[in-house]
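Below is structure.cif, holding mmCIF, C-alpha atoms and all ligand atoms.
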data_protein
#
loop_
_atom_site.label_atom_id
_atom_site.label_comp_id
_atom_site.auth_asym_id
_atom_site.auth_seq_id
_atom_site.Cartn_x
_atom_site.Cartn_y
_atom_site.Cartn_z
CA MET L 1 -10.82 -4.65 -30.99
CA SER L 2 -13.09 -7.37 -32.23
CA ASN L 3 -16.77 -6.65 -31.89
CA ARG L 4 -17.69 -8.50 -35.05
CA VAL L 5 -21.21 -9.76 -35.48
CA TYR L 6 -21.73 -13.19 -37.01
CA THR L 7 -24.99 -14.51 -38.42
CA PRO L 8 -26.23 -17.96 -37.36
CA VAL L 9 -25.70 -19.08 -40.97
CA GLN L 10 -22.03 -18.00 -40.92
CA LEU L 11 -21.45 -19.80 -37.63
CA ALA L 12 -23.22 -22.92 -38.92
CA GLU L 13 -20.97 -22.94 -41.99
CA VAL L 14 -17.86 -22.64 -39.85
CA LEU L 15 -19.01 -25.49 -37.61
CA ALA L 16 -19.91 -27.64 -40.62
CA SER L 17 -16.39 -27.14 -41.99
CA MET L 18 -15.15 -28.76 -38.79
CA GLY L 19 -17.66 -31.61 -38.89
CA ILE L 20 -20.23 -30.26 -36.40
CA LYS L 21 -23.80 -30.24 -37.70
CA ASP L 22 -25.99 -30.98 -34.67
CA GLN L 23 -25.53 -27.75 -32.71
CA THR L 24 -28.50 -26.51 -30.72
CA SER L 25 -26.97 -23.21 -29.64
CA VAL L 26 -23.90 -21.07 -30.33
CA GLU L 27 -23.47 -18.24 -27.82
CA ARG L 28 -20.84 -15.60 -27.07
CA TYR L 29 -18.73 -16.72 -24.15
CA GLY L 30 -16.06 -15.52 -21.71
CA SER L 31 -14.58 -12.13 -21.02
CA GLY L 32 -11.44 -12.11 -23.19
CA HIS L 33 -10.47 -8.84 -24.85
CA ILE L 34 -9.08 -10.11 -28.14
CA ASN L 35 -10.67 -13.16 -29.77
CA ASP L 36 -14.33 -13.94 -30.48
CA THR L 37 -15.28 -16.88 -28.28
CA PHE L 38 -18.48 -18.95 -28.49
CA LYS L 39 -19.87 -21.85 -26.50
CA VAL L 40 -21.41 -24.52 -28.74
CA GLU L 41 -24.04 -26.94 -27.44
CA THR L 42 -25.00 -29.98 -29.49
CA LYS L 43 -27.92 -32.44 -29.59
CA GLY L 44 -25.66 -35.22 -28.41
CA GLY L 45 -24.74 -33.15 -25.33
CA VAL L 46 -21.10 -32.72 -26.35
CA ARG L 47 -20.00 -29.09 -25.94
CA TYR L 48 -17.26 -27.10 -27.62
CA ILE L 49 -15.53 -23.74 -27.55
CA LEU L 50 -15.46 -22.12 -30.98
CA GLN L 51 -13.07 -19.23 -31.46
CA ARG L 52 -12.29 -16.81 -34.21
CA VAL L 53 -8.74 -15.65 -33.82
CA ASN L 54 -8.23 -11.90 -34.13
CA THR L 55 -6.08 -11.81 -37.24
CA ASP L 56 -5.41 -8.07 -36.86
CA ILE L 57 -3.29 -9.08 -33.88
CA PHE L 58 -2.12 -12.65 -34.51
CA PRO L 59 -0.40 -14.03 -37.63
CA PRO L 60 -2.83 -16.93 -38.13
CA GLU L 61 -0.56 -19.56 -39.65
CA MET L 62 2.21 -19.11 -37.08
CA LEU L 63 -0.41 -19.14 -34.34
CA LYS L 64 -1.93 -22.39 -35.57
CA GLU L 65 1.49 -24.03 -35.69
CA ASN L 66 2.37 -22.84 -32.18
CA VAL L 67 -0.95 -23.94 -30.68
CA LEU L 68 -0.75 -27.38 -32.32
CA ARG L 69 2.86 -27.85 -31.21
CA VAL L 70 2.16 -26.79 -27.63
CA THR L 71 -1.04 -28.80 -27.20
CA GLY L 72 0.54 -31.79 -28.98
CA HIS L 73 3.58 -31.72 -26.70
CA LEU L 74 1.49 -31.52 -23.54
CA ALA L 75 -0.82 -34.31 -24.74
CA LYS L 76 2.18 -36.55 -25.46
CA LYS L 77 3.32 -36.03 -21.87
CA GLY L 78 -0.18 -36.88 -20.56
CA ILE L 79 -0.78 -33.33 -19.32
CA LYS L 80 -4.36 -32.08 -19.56
CA SER L 81 -4.55 -29.14 -21.94
CA LEU L 82 -6.79 -27.64 -24.58
CA GLU L 83 -7.92 -30.32 -27.01
CA VAL L 84 -8.03 -29.09 -30.61
CA LYS L 85 -11.00 -30.62 -32.45
CA GLY L 86 -10.72 -28.52 -35.59
CA TYR L 87 -8.57 -25.68 -36.89
CA GLU L 88 -9.60 -23.91 -40.08
CA ASN L 89 -7.97 -20.49 -39.89
CA PRO L 90 -9.08 -18.10 -38.55
CA TRP L 91 -11.50 -20.41 -36.73
CA ARG L 92 -10.76 -23.22 -34.31
CA LEU L 93 -12.72 -25.60 -32.16
CA TYR L 94 -11.71 -26.85 -28.72
CA SER L 95 -13.37 -29.48 -26.56
CA PHE L 96 -15.27 -27.77 -23.77
CA LEU L 97 -13.45 -28.28 -20.49
CA GLU L 98 -16.36 -29.83 -18.58
CA GLY L 99 -16.35 -29.28 -14.84
CA TYR L 100 -13.84 -26.43 -15.05
CA THR L 101 -14.58 -22.76 -14.53
CA SER L 102 -12.59 -19.56 -14.79
CA VAL L 103 -12.82 -16.54 -12.51
CA ASP L 104 -11.87 -12.93 -13.23
CA LEU L 105 -10.83 -12.13 -9.68
CA VAL L 106 -9.08 -14.09 -6.96
CA THR L 107 -11.22 -14.39 -3.83
CA ASN L 108 -8.90 -16.26 -1.47
CA PRO L 109 -5.13 -16.88 -1.09
CA ALA L 110 -5.45 -20.60 -1.89
CA GLN L 111 -6.71 -19.71 -5.35
CA ALA L 112 -3.74 -17.39 -5.97
CA GLU L 113 -1.31 -20.10 -4.83
CA LEU L 114 -2.92 -22.60 -7.16
CA VAL L 115 -2.85 -20.29 -10.18
CA ALA L 116 0.82 -19.45 -9.63
CA GLY L 117 1.69 -23.13 -9.36
CA ALA L 118 -0.28 -23.85 -12.54
CA PHE L 119 1.67 -21.32 -14.62
CA ALA L 120 5.01 -22.43 -13.12
CA LYS L 121 4.19 -26.02 -14.03
CA PHE L 122 3.14 -24.91 -17.52
CA GLN L 123 6.56 -23.32 -18.04
CA ASN L 124 8.26 -26.44 -16.72
CA ASP L 125 6.13 -28.74 -18.91
CA LEU L 126 7.20 -26.84 -22.03
CA ALA L 127 10.88 -26.54 -21.16
CA ASP L 128 11.62 -29.70 -23.15
CA LEU L 129 9.65 -28.74 -26.27
CA PRO L 130 11.75 -30.04 -29.17
CA ALA L 131 13.35 -27.51 -31.57
CA PRO L 132 12.76 -25.33 -33.54
CA ARG L 133 12.19 -22.28 -31.35
CA LEU L 134 8.47 -21.44 -31.03
CA GLY L 135 7.36 -18.64 -33.32
CA GLU L 136 7.43 -15.16 -31.80
CA ILE L 137 3.73 -14.45 -32.21
CA ILE L 138 3.81 -10.80 -31.19
CA PRO L 139 7.39 -9.53 -31.19
CA LYS L 140 8.35 -7.29 -28.24
CA PHE L 141 5.06 -8.20 -26.55
CA HIS L 142 6.18 -7.35 -23.01
CA ASN L 143 9.02 -5.03 -23.99
CA THR L 144 8.25 -1.97 -21.88
CA VAL L 145 10.70 0.23 -23.80
CA ASP L 146 8.90 -0.56 -27.03
CA ARG L 147 5.49 -0.09 -25.38
CA LEU L 148 6.63 3.39 -24.34
CA ARG L 149 7.64 4.11 -27.92
CA LEU L 150 4.17 3.12 -29.09
CA LEU L 151 2.58 5.29 -26.39
CA ASP L 152 4.66 8.27 -27.54
CA GLU L 153 3.62 7.65 -31.14
CA ALA L 154 -0.05 7.45 -30.21
CA ALA L 155 0.22 10.63 -28.13
CA ALA L 156 1.96 12.46 -30.99
CA ALA L 157 -0.64 11.32 -33.52
CA ASP L 158 -3.52 12.05 -31.09
CA VAL L 159 -6.05 10.78 -33.64
CA LYS L 160 -9.05 11.24 -31.33
CA GLY L 161 -7.98 14.49 -29.71
CA ARG L 162 -7.75 12.71 -26.35
CA LYS L 163 -4.18 13.70 -25.45
CA ALA L 164 -5.31 16.81 -23.60
CA LEU L 165 -7.49 14.59 -21.41
CA VAL L 166 -4.63 12.38 -20.25
CA LYS L 167 -1.90 14.84 -19.28
CA LYS L 168 -1.90 13.50 -15.71
CA GLU L 169 -1.53 9.91 -16.92
CA LEU L 170 1.29 10.81 -19.33
CA ASP L 171 3.12 12.61 -16.51
CA TRP L 172 2.63 9.53 -14.33
CA VAL L 173 4.35 7.44 -16.99
CA ASP L 174 7.15 9.97 -17.46
CA ALA L 175 8.00 9.73 -13.77
CA ARG L 176 8.63 5.98 -14.21
CA ARG L 177 10.45 5.68 -17.55
CA GLU L 178 13.81 4.90 -15.97
CA GLU L 179 12.75 1.46 -14.72
CA ALA L 180 11.36 0.36 -18.09
CA ALA L 181 14.53 -1.08 -19.61
CA LYS L 182 15.68 -3.22 -16.68
CA ILE L 183 14.47 -6.70 -17.69
CA VAL L 184 14.90 -6.12 -21.43
CA THR L 185 18.52 -5.14 -20.84
CA MET L 186 19.22 -8.08 -18.53
CA MET L 187 17.79 -10.44 -21.17
CA GLU L 188 19.90 -8.86 -23.90
CA LYS L 189 23.01 -9.33 -21.75
CA GLY L 190 22.07 -12.96 -21.05
CA GLU L 191 21.62 -12.29 -17.34
CA ILE L 192 18.01 -13.46 -17.48
CA PRO L 193 17.30 -16.57 -19.58
CA GLU L 194 14.77 -16.88 -22.35
CA ARG L 195 12.13 -19.55 -21.61
CA ILE L 196 8.93 -20.70 -23.22
CA THR L 197 6.34 -18.69 -21.35
CA HIS L 198 2.60 -18.14 -21.48
CA ASN L 199 2.69 -14.34 -21.63
CA ASP L 200 -0.95 -13.81 -20.65
CA THR L 201 -1.11 -15.23 -17.15
CA LYS L 202 -4.39 -13.58 -16.28
CA ILE L 203 -6.36 -15.45 -13.64
CA ASN L 204 -9.13 -16.21 -16.15
CA ASN L 205 -6.66 -18.08 -18.33
CA VAL L 206 -6.53 -20.93 -15.82
CA MET L 207 -9.57 -23.17 -15.70
CA LEU L 208 -10.18 -24.56 -12.22
CA ALA L 209 -12.05 -27.66 -11.06
CA PRO L 210 -13.50 -28.26 -7.58
CA ASP L 211 -11.03 -31.13 -7.01
CA GLY L 212 -8.13 -28.63 -7.24
CA THR L 213 -7.00 -29.68 -10.72
CA ASN L 214 -6.53 -27.00 -13.35
CA VAL L 215 -5.89 -26.46 -17.04
CA VAL L 216 -3.91 -23.55 -18.47
CA ILE L 217 -5.77 -22.13 -21.48
CA ASP L 218 -5.46 -19.20 -23.92
CA LEU L 219 -2.23 -20.47 -25.45
CA ASP L 220 -2.12 -17.79 -28.16
CA THR L 221 0.80 -15.85 -26.70
CA THR L 222 2.80 -18.88 -25.61
CA MET L 223 6.20 -18.07 -27.08
CA PRO L 224 9.79 -17.32 -26.08
CA GLY L 225 9.80 -14.85 -23.19
CA SER L 226 10.79 -14.35 -19.57
CA ALA L 227 9.43 -16.12 -16.49
CA LEU L 228 9.41 -12.67 -14.91
CA TYR L 229 6.78 -11.43 -17.33
CA ASP L 230 4.57 -14.38 -16.49
CA PHE L 231 4.98 -13.85 -12.78
CA GLY L 232 4.47 -10.10 -13.14
CA ASP L 233 1.19 -10.56 -14.98
CA MET L 234 0.03 -12.92 -12.23
CA VAL L 235 0.72 -10.24 -9.65
CA ARG L 236 -1.17 -7.75 -11.80
CA THR L 237 -4.32 -9.88 -11.99
CA SER L 238 -4.17 -12.29 -9.06
CA SER L 239 -3.16 -9.89 -6.31
CA ALA L 240 -5.79 -7.36 -7.36
CA ALA L 241 -8.52 -6.54 -4.87
CA ALA L 242 -10.86 -5.38 -7.64
CA ALA L 243 -11.63 -5.90 -11.30
CA GLU L 244 -9.41 -4.62 -14.11
CA ASP L 245 -12.11 -2.08 -14.97
CA GLU L 246 -13.27 -1.07 -11.48
CA LYS L 247 -14.21 2.61 -11.56
CA ASP L 248 -13.98 3.21 -7.81
CA LEU L 249 -10.22 3.43 -7.35
CA SER L 250 -10.51 3.25 -3.57
CA LYS L 251 -11.31 -0.45 -4.11
CA VAL L 252 -8.24 -1.04 -6.27
CA TYR L 253 -5.02 -2.18 -4.59
CA SER L 254 -2.60 -5.10 -4.50
CA LYS L 255 -3.38 -7.49 -1.64
CA LYS L 256 -0.29 -8.54 0.28
CA GLU L 257 -1.74 -11.91 1.31
CA TYR L 258 -2.51 -12.76 -2.31
CA PHE L 259 0.96 -11.64 -3.36
CA GLU L 260 2.44 -13.92 -0.71
CA ALA L 261 0.30 -16.82 -1.92
CA LEU L 262 1.49 -16.20 -5.49
CA VAL L 263 5.14 -16.22 -4.44
CA LYS L 264 4.61 -19.38 -2.40
CA GLY L 265 2.78 -21.19 -5.20
CA TYR L 266 5.19 -20.07 -7.90
CA LEU L 267 8.45 -20.83 -6.06
CA ALA L 268 7.18 -24.24 -4.94
CA GLN L 269 6.91 -25.29 -8.60
CA ALA L 270 9.40 -23.07 -10.44
CA LYS L 271 12.55 -24.82 -9.25
CA PHE L 272 14.25 -23.80 -12.49
CA LEU L 273 14.48 -20.09 -11.57
CA THR L 274 17.91 -18.47 -11.40
CA GLU L 275 18.96 -16.10 -8.63
CA ALA L 276 18.63 -13.14 -11.02
CA GLU L 277 15.05 -14.12 -11.81
CA LYS L 278 14.14 -14.53 -8.14
CA ALA L 279 15.72 -11.17 -7.33
CA ASN L 280 13.37 -9.45 -9.80
CA LEU L 281 10.06 -11.17 -8.99
CA ALA L 282 8.63 -8.33 -6.91
CA PHE L 283 9.82 -5.74 -9.45
CA SER L 284 8.23 -7.71 -12.30
CA GLY L 285 4.77 -7.19 -10.78
CA ARG L 286 5.19 -3.42 -10.90
CA LEU L 287 6.77 -3.47 -14.34
CA ILE L 288 4.17 -5.63 -16.09
CA THR L 289 1.27 -3.84 -14.43
CA MET L 290 2.69 -0.52 -15.59
CA THR L 291 3.23 -1.98 -19.06
CA ILE L 292 -0.36 -3.17 -19.41
CA GLY L 293 -1.54 0.21 -18.11
CA ILE L 294 0.58 1.88 -20.79
CA ARG L 295 -1.03 -0.40 -23.40
CA PHE L 296 -4.54 0.58 -22.26
CA LEU L 297 -3.56 4.26 -22.38
CA THR L 298 -2.03 3.81 -25.83
CA ASP L 299 -5.22 2.16 -27.09
CA TYR L 300 -7.31 4.96 -25.59
CA LEU L 301 -5.22 7.54 -27.46
CA ALA L 302 -5.33 5.47 -30.66
CA GLY L 303 -9.14 5.29 -30.58
CA ASP L 304 -9.75 1.84 -29.00
CA THR L 305 -8.60 -0.33 -31.87
CA TYR L 306 -6.95 -3.19 -29.94
CA PHE L 307 -8.78 -4.18 -26.75
CA ARG L 308 -12.50 -4.90 -26.86
CA THR L 309 -14.30 -2.05 -25.09
CA ALA L 310 -17.85 -1.79 -23.80
CA TYR L 311 -18.05 2.00 -23.40
CA GLU L 312 -16.31 5.25 -24.38
CA ASP L 313 -13.66 5.49 -21.64
CA HIS L 314 -13.23 1.79 -20.96
CA ASN L 315 -9.54 1.73 -21.81
CA LEU L 316 -8.89 4.81 -19.69
CA VAL L 317 -10.68 3.23 -16.73
CA ARG L 318 -8.49 0.14 -17.19
CA CYS L 319 -5.38 2.32 -17.37
CA HIS L 320 -6.34 3.95 -14.07
CA THR L 321 -6.74 0.62 -12.27
CA GLN L 322 -3.34 -0.53 -13.53
CA PHE L 323 -1.60 2.66 -12.43
CA LYS L 324 -3.33 2.45 -9.04
CA MET L 325 -2.13 -1.16 -8.72
CA VAL L 326 1.43 -0.03 -9.45
CA GLU L 327 1.20 2.68 -6.79
CA SER L 328 -0.05 0.10 -4.32
CA MET L 329 2.85 -2.23 -5.16
CA GLU L 330 5.30 0.67 -4.89
CA ALA L 331 3.97 1.49 -1.42
CA GLN L 332 4.48 -2.13 -0.35
CA ALA L 333 7.76 -2.68 -2.21
CA ASP L 334 9.88 -3.45 0.87
CA GLU L 335 7.33 -5.92 2.23
CA TYR L 336 6.99 -7.61 -1.16
CA GLU L 337 10.78 -7.95 -1.46
CA ALA L 338 10.87 -9.49 2.02
CA ILE L 339 8.15 -11.99 1.06
CA VAL L 340 10.14 -13.09 -2.00
CA ARG L 341 13.28 -13.53 0.14
CA LYS L 342 11.33 -15.57 2.69
CA TYR L 343 10.23 -18.14 0.09
CA SER L 344 13.51 -18.06 -1.90
CA ILE L 345 15.55 -19.82 0.79
P1 LIG L 401 -9.27 -14.62 -25.10
O1 LIG L 401 -7.97 -14.82 -25.83
O2 LIG L 401 -10.18 -13.73 -25.82
O3 LIG L 401 -9.02 -14.22 -23.68
P2 LIG L 401 -9.75 -17.32 -24.15
O4 LIG L 401 -9.15 -18.41 -24.96
O5 LIG L 401 -9.06 -16.98 -22.88
O6 LIG L 401 -9.98 -16.05 -25.07
O7 LIG L 401 -11.25 -17.74 -23.82
C1 LIG L 401 -12.15 -16.84 -23.17
C2 LIG L 401 -12.85 -17.55 -22.02
O8 LIG L 401 -13.58 -18.68 -22.53
C3 LIG L 401 -11.92 -18.15 -20.96
O9 LIG L 401 -11.59 -17.21 -19.96
C4 LIG L 401 -12.74 -19.30 -20.41
O10 LIG L 401 -13.64 -18.87 -19.43
C5 LIG L 401 -13.55 -19.77 -21.63
N1 LIG L 401 -12.91 -20.93 -22.29
C6 LIG L 401 -11.91 -20.89 -23.22
N2 LIG L 401 -11.59 -22.13 -23.63
C7 LIG L 401 -12.40 -22.98 -22.96
C8 LIG L 401 -12.59 -24.43 -22.97
N3 LIG L 401 -11.87 -25.22 -23.76
N4 LIG L 401 -13.56 -24.94 -22.17
C9 LIG L 401 -14.33 -24.14 -21.39
N5 LIG L 401 -14.21 -22.80 -21.34
C10 LIG L 401 -13.26 -22.21 -22.11
C1 LIG L 402 -5.53 -9.40 -23.45
O1 LIG L 402 -7.05 -11.98 -24.54
P1 LIG L 402 -7.00 -11.63 -23.12
O2 LIG L 402 -8.16 -10.86 -22.64
O3 LIG L 402 -6.68 -12.86 -22.28
C2 LIG L 402 -4.11 -9.20 -23.93
C3 LIG L 402 -3.14 -9.29 -22.76
C4 LIG L 402 -3.50 -8.25 -21.71
C5 LIG L 402 -4.95 -8.46 -21.30
C6 LIG L 402 -5.41 -7.37 -20.37
C7 LIG L 402 -2.89 -10.91 -27.05
O4 LIG L 402 -5.67 -10.71 -22.93
O5 LIG L 402 -1.82 -9.04 -23.19
O6 LIG L 402 -2.68 -8.37 -20.58
O7 LIG L 402 -5.84 -8.45 -22.45
N1 LIG L 402 -3.77 -10.19 -24.94
C8 LIG L 402 -3.14 -9.84 -26.08
O8 LIG L 402 -6.56 -7.78 -19.72
O9 LIG L 402 -2.79 -8.68 -26.31
MG MG L 403 -8.11 -15.25 -22.13
#

In structure tokens, what does this structure look like?
Ligand code: ADP
Ligand code: GN1
Ligand code: MG
Amino acid sequence: MSNRVYTPVQLAEVLASMGIKDQTSVERYGSGHINDTFKVETKGGVRYILQRVNTDIFPPEMLKENVLRVTGHLAKKGIKSLEVKGYENPWRLYSFLEGYTSVDLVTNPAQAELVAGAFAKFQNDLADLPAPRLGEIIPKFHNTVDRLRLLDEAAAADVKGRKALVKKELDWVDARREEAAKIVTMMEKGEIPERITHNDTKINNVMLAPDGTNVVIDLDTTMPGSALYDFGDMVRTSSAAAAEDEKDLSKVYSKKEYFEALVKGYLAQAKFLTEAEKANLAFSGRLITMTIGIRFLTDYLAGDTYFRTAYEDHNLVRCHTQFKMVESMEAQADEYEAIVRKYSI
């Protein structure tokens, strides 16, 4: 969790180190859970995004190299991406994407279709990144088996005495352990290919413009992974009827029409997918949503050290929405499989 407080003097020093001296305001910005993000306004009217990378989570030098390689590759191909204006670890400065906005919740199917197409194109745009292999920023990031191991460790340690409060949630997880290894095992056997993937395909990591253009941002977890994890995380966030931390669970479910739009948008662009990948698209939504739910539960048990929280039970509330989303996807599993088949032909 990063709830650090910075003085105006500290922020001014950071900006000065990157050549910016005419700022008129530097304000907290966005709703990300990991990094510290600021919007910088200047006298000349040019705006920037200043970010302090969370170095408890990211190895800063590897991250810098990955981000520079990815943005450099996209720029060379003429693809609009984040523009790095300064990078002095752990701080970096991006040009502000003027005219683009991000949303935390999809409000119509067209938006879901667009987001899915954007992430598919992003994967395609990076498929020809020259060697060497991109650094594995957070090893086993979406490895559900390993996430279960970490949950078990946190439950055993029970540092905050919260285990007794989450018996129901732990039982919920236990009932679903069998499915956890499926994609990991298929990747190990070479049945599902490794690709360069974004790994955090939350809806608010695509900036949208009114003319329908978009820019994929938050490149910190771009690394070798599986297309299925990217698609699954889209289903988690872009088929959701309510926010990730909605307390009224009756409002939380996976919307079939948004799921269909995601499949349509993704398959229209992701021509590179193999049959094995297509066959697991619907499953990936359930798996990744469960995995993120497990991560929220783990952080709750560990005392809220990873995700930024705004109140005592924030991580538990987030865990509940994720588990409810999984239940909703489970209830619609046959329909979701049929939708994937419809667009796979
Ligand atoms: P985090 O890793 O904490 O999620 P992000 O890089 O996603 O941080 O940034 C948080 C939010 O800041 C984004 O959701 C987006 O709204 C905004 N943002 C990030 N980069 C830019 C940019 N270059 N221009 C405009 N807004 C941005
Ligand atoms: C974090 O940084 P942000 O808010 O885009 C997290 C993702 C989770 C997400 C849950 C590096 O993403 O993996 O899915 O929160 N990022 C990292 O909202 O752990
Ligand atoms: Mg983000």

Spatial neighbours of Val14 of chain L, max dist 9 Å, only C-alpha atoms, sep filter under 6 positions, as a list of chain:residue names: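 My reading of the contact set: L:Ile20, L:Glu88, L:Trp91.
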
Hey, which residues sit close to ligand LIG 401 (chain L)? Say within 9 Å, counting all atoms listed in the file, and write them as a PDB file with C-alpha atoms, keeping the file's coordinate frame.
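Result went into result_21.pdb, see below:
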ATOM      1  CA  TYR L  29     -18.730 -16.720 -24.150  1.00  0.00           C
ATOM      2  CA  GLY L  30     -16.060 -15.520 -21.710  1.00  0.00           C
ATOM      3  CA  SER L  31     -14.580 -12.130 -21.020  1.00  0.00           C
ATOM      4  CA  GLY L  32     -11.440 -12.110 -23.190  1.00  0.00           C
ATOM      5  CA  HIS L  33     -10.470  -8.840 -24.850  1.00  0.00           C
ATOM      6  CA  ILE L  34      -9.080 -10.110 -28.140  1.00  0.00           C
ATOM      7  CA  ASN L  35     -10.670 -13.160 -29.770  1.00  0.00           C
ATOM      8  CA  ASP L  36     -14.330 -13.940 -30.480  1.00  0.00           C
ATOM      9  CA  THR L  37     -15.280 -16.880 -28.280  1.00  0.00           C
ATOM     10  CA  PHE L  38     -18.480 -18.950 -28.490  1.00  0.00           C
ATOM     11  CA  LYS L  39     -19.870 -21.850 -26.500  1.00  0.00           C
ATOM     12  CA  ARG L  47     -20.000 -29.090 -25.940  1.00  0.00           C
ATOM     13  CA  TYR L  48     -17.260 -27.100 -27.620  1.00  0.00           C
ATOM     14  CA  ILE L  49     -15.530 -23.740 -27.550  1.00  0.00           C
ATOM     15  CA  LEU L  50     -15.460 -22.120 -30.980  1.00  0.00           C
ATOM     16  CA  GLN L  51     -13.070 -19.230 -31.460  1.00  0.00           C
ATOM     17  CA  VAL L  53      -8.740 -15.650 -33.820  1.00  0.00           C
ATOM     18  CA  ASN L  54      -8.230 -11.900 -34.130  1.00  0.00           C
ATOM     19  CA  SER L  81      -4.550 -29.140 -21.940  1.00  0.00           C
ATOM     20  CA  LEU L  82      -6.790 -27.640 -24.580  1.00  0.00           C
ATOM     21  CA  GLU L  83      -7.920 -30.320 -27.010  1.00  0.00           C
ATOM     22  CA  VAL L  84      -8.030 -29.090 -30.610  1.00  0.00           C
ATOM     23  CA  LEU L  93     -12.720 -25.600 -32.160  1.00  0.00           C
ATOM     24  CA  TYR L  94     -11.710 -26.850 -28.720  1.00  0.00           C
ATOM     25  CA  SER L  95     -13.370 -29.480 -26.560  1.00  0.00           C
ATOM     26  CA  PHE L  96     -15.270 -27.770 -23.770  1.00  0.00           C
ATOM     27  CA  LEU L  97     -13.450 -28.280 -20.490  1.00  0.00           C
ATOM     28  CA  GLU L  98     -16.360 -29.830 -18.580  1.00  0.00           C
ATOM     29  CA  GLY L  99     -16.350 -29.280 -14.840  1.00  0.00           C
ATOM     30  CA  TYR L 100     -13.840 -26.430 -15.050  1.00  0.00           C
ATOM     31  CA  THR L 101     -14.580 -22.760 -14.530  1.00  0.00           C
ATOM     32  CA  SER L 102     -12.590 -19.560 -14.790  1.00  0.00           C
ATOM     33  CA  VAL L 103     -12.820 -16.540 -12.510  1.00  0.00           C
ATOM     34  CA  ASP L 104     -11.870 -12.930 -13.230  1.00  0.00           C
ATOM     35  CA  ASP L 200      -0.950 -13.810 -20.650  1.00  0.00           C
ATOM     36  CA  LYS L 202      -4.390 -13.580 -16.280  1.00  0.00           C
ATOM     37  CA  ILE L 203      -6.360 -15.450 -13.640  1.00  0.00           C
ATOM     38  CA  ASN L 204      -9.130 -16.210 -16.150  1.00  0.00           C
ATOM     39  CA  ASN L 205      -6.660 -18.080 -18.330  1.00  0.00           C
ATOM     40  CA  VAL L 206      -6.530 -20.930 -15.820  1.00  0.00           C
ATOM     41  CA  MET L 207      -9.570 -23.170 -15.700  1.00  0.00           C
ATOM     42  CA  ILE L 217      -5.770 -22.130 -21.480  1.00  0.00           C
ATOM     43  CA  ASP L 218      -5.460 -19.200 -23.920  1.00  0.00           C
ATOM     44  CA  LEU L 219      -2.230 -20.470 -25.450  1.00  0.00           C
ATOM     45  CA  ASP L 220      -2.120 -17.790 -28.160  1.00  0.00           C
ATOM     46  CA  THR L 221       0.800 -15.850 -26.700  1.00  0.00           C
TER      47      THR L 221
END

Any idea what the distance is between atom CA of Gly45 of chain L and atom CA of Glu27 of chain L?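 Calculated distance between atom CA of Gly45 of chain L and atom CA of Glu27 of chain L is 15.2 Å.
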
Closest of L:Val115, L:Val216, L:Ala270, L:Leu74 to ligand MG 403 (chain L) - atom-to-atom distances counting only C-alpha atoms and all ligand atoms: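 Nearest to ligand MG 403 (chain L): L:Val216.
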
4 Å per side around ligand LIG 402 (chain L): axis-aligned box centre and edge lengths, as lines of an AutoDock Vina configuration file:
center_x = -5.0
center_y = -10.1
center_z = -23.4
size_x = 14.3
size_y = 13.5
size_z = 15.3

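Near Tyr306 of chain L, within 12 Å and counting all atoms listed in the file, sit L:Met1, L:Ser2, L:Asn3, L:His33, L:Ile34, L:Asn35, L:Asn54, L:Thr55, L:Asp56, L:Ile57, L:Phe58, L:Arg295, L:Phe296, L:Leu297, L:Thr298, L:Asp299, L:Tyr300, L:Asn315, not including residues fewer than 6 positions from it in the same chain.
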
What is the atom CA of Glu178 of chain L-atom CA of Leu151 of chain L distance in Å, reported with one decimal? 15.3 Å

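Take the candidates L:Met329, L:Thr201, L:Thr107, L:Gln269 and check each one against ligand MG 403 (chain L) using all atoms listed in the file; the shortest distance goes to L:Thr201.
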
Enter the distance from atom CA of Thr213 of chain L to atom CA of Lys64 of chain L, in Å, rounded to one decimal. 26.4 Å

Find, counting all atoms listed in the file, the residue in L:Glu257, L:Ile288, L:Glu188, L:Met325 that gets nearest to Ala240 of chain L.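 Residue with the minimum atom-to-atom distance to Ala240 of chain L: L:Met325.
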
Just the residues within 12 Å of Gly232 of chain L, please, counting only C-alpha atoms, with nothing from its chain fewer than 6 positions along; format it as a PyMOL selection string. chain L and resi 116+119+142+183+198-202+226+238-239+259+262-263+266+277-278+280-292+325-326+329

Taking only C-alpha atoms into account, name the residue in L:Ala118, L:Ala331, L:Ala16, L:Ile294 that is nearest to Leu150 of chain L. L:Ile294

Would you pick out the contacts of Ile345 of chain L at 12 Å or less, using all atoms listed in the file, so that residues sharing its chain but fewer than 3 positions from it are not included, and give the list as a PDB file with C-alpha atoms, in the coordinates of the input?
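Result file part_27.pdb:
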ATOM      1  CA  LYS L 264       4.610 -19.380  -2.400  1.00  0.00           C
ATOM      2  CA  LEU L 267       8.450 -20.830  -6.060  1.00  0.00           C
ATOM      3  CA  ALA L 268       7.180 -24.240  -4.940  1.00  0.00           C
ATOM      4  CA  LYS L 271      12.550 -24.820  -9.250  1.00  0.00           C
ATOM      5  CA  GLU L 275      18.960 -16.100  -8.630  1.00  0.00           C
ATOM      6  CA  LYS L 278      14.140 -14.530  -8.140  1.00  0.00           C
ATOM      7  CA  ALA L 279      15.720 -11.170  -7.330  1.00  0.00           C
ATOM      8  CA  ALA L 338      10.870  -9.490   2.020  1.00  0.00           C
ATOM      9  CA  ILE L 339       8.150 -11.990   1.060  1.00  0.00           C
ATOM     10  CA  VAL L 340      10.140 -13.090  -2.000  1.00  0.00           C
ATOM     11  CA  ARG L 341      13.280 -13.530   0.140  1.00  0.00           C
ATOM     12  CA  LYS L 342      11.330 -15.570   2.690  1.00  0.00           C
TER      13      LYS L 342
END
